[in-house]
Amino acid sequence: MSVDRLPEHEQRVLDEIERSLRRDRRLDRQLRTFRASRRPAPARLPASRPRALTVLLLLTLSVTLMVTGIVTSEPGVIWAFAATWPVTLFAVFRLLCRWTEG
């Protein structure tokens, strides 16, 4: 957009908006750290918001592994359950927090 085409009062308003946006530190930080990749960074993974379907699938997998581990007593199944259970609990907790926020 060419600045020459704006009337003087609109240019002043635009300059004031730009000044106020430059003072916003949070916005500045977000714009500096913006990444266009679709994959989440591992450091931001705890901040992600799980979907209900994902949590349901994790719960189904965990319960299936738990029951299979109890019935068969296979160490591989028990270790798989031990690996998925904390992730499932964390996802359930995050989903419940999101639902109760507002």
# chains A, B, ... in the order shown; residues from 1 in each chain; ligands from 1
>>> select_by_dssp(residues="segment 23-102 of chain A", states="helix (DSSP H, G or I)", output="PyMOL selection string")
chain A and resi 23+25-32+42-47+52-72+75-101
>>> write_last_selection(atoms="C-alpha atoms", output="short mmCIF file (atom, residue, chain, number, x, y, z; two decimals), in the first residue's frame")
data_model
loop_
_atom_site.label_atom_id
_atom_site.label_comp_id
_atom_site.auth_asym_id
_atom_site.auth_seq_id
_atom_site.Cartn_x
_atom_site.Cartn_y
_atom_site.Cartn_z
CA ARG A 23 5.28 -0.75 22.19
CA ARG A 25 6.24 -6.39 23.79
CA ARG A 26 4.18 -9.57 23.69
CA LEU A 27 3.16 -8.98 20.08
CA ASP A 28 6.74 -8.12 19.17
CA ARG A 29 8.00 -11.37 20.75
CA GLN A 30 5.34 -13.42 18.96
CA LEU A 31 6.18 -11.87 15.62
CA ARG A 32 9.91 -12.45 16.13
CA PRO A 42 8.87 -29.91 21.13
CA ALA A 43 9.22 -27.04 23.61
CA ARG A 44 5.71 -25.82 22.77
CA LEU A 45 4.11 -29.26 22.99
CA PRO A 46 3.03 -28.88 26.65
CA ALA A 47 1.24 -25.68 25.67
CA ALA A 52 -11.42 -34.52 22.43
CA LEU A 53 -10.99 -37.20 19.75
CA THR A 54 -7.25 -37.42 20.44
CA VAL A 55 -7.87 -37.81 24.17
CA LEU A 56 -10.53 -40.44 23.52
CA LEU A 57 -8.13 -42.43 21.33
CA LEU A 58 -5.39 -42.17 23.96
CA LEU A 59 -7.79 -43.34 26.67
CA THR A 60 -8.92 -46.26 24.51
CA LEU A 61 -5.32 -47.26 23.80
CA SER A 62 -4.32 -46.97 27.46
CA VAL A 63 -7.25 -49.02 28.74
CA THR A 64 -6.67 -51.66 26.06
CA LEU A 65 -2.99 -51.89 26.97
CA MET A 66 -3.83 -52.05 30.67
CA VAL A 67 -6.32 -54.89 30.25
CA THR A 68 -3.99 -56.75 27.87
CA GLY A 69 -1.10 -56.30 30.29
CA ILE A 70 -3.15 -57.63 33.20
CA VAL A 71 -4.36 -60.66 31.24
CA THR A 72 -1.09 -61.62 29.52
CA PRO A 75 6.56 -57.06 29.73
CA GLY A 76 6.29 -55.30 26.34
CA VAL A 77 2.61 -54.59 26.81
CA ILE A 78 3.17 -53.40 30.38
CA TRP A 79 5.96 -51.06 29.25
CA ALA A 80 3.79 -49.75 26.41
CA PHE A 81 1.05 -49.01 28.94
CA ALA A 82 3.60 -47.35 31.23
CA ALA A 83 4.67 -45.10 28.36
CA THR A 84 1.18 -44.12 27.18
CA TRP A 85 -0.54 -43.67 30.56
CA PRO A 86 1.24 -40.43 31.63
CA VAL A 87 0.67 -38.92 28.19
CA THR A 88 -3.00 -39.84 28.42
CA LEU A 89 -3.37 -38.32 31.89
CA PHE A 90 -1.66 -35.12 30.75
CA ALA A 91 -3.92 -34.86 27.69
CA VAL A 92 -7.06 -35.47 29.79
CA PHE A 93 -5.93 -32.84 32.28
CA ARG A 94 -5.28 -30.28 29.51
CA LEU A 95 -8.64 -31.01 27.89
CA LEU A 96 -10.49 -30.61 31.20
CA CYS A 97 -8.66 -27.36 31.86
CA ARG A 98 -9.65 -26.06 28.43
CA TRP A 99 -13.29 -27.02 28.96
CA THR A 100 -13.45 -25.32 32.36
CA GLU A 101 -11.72 -22.09 31.25
#
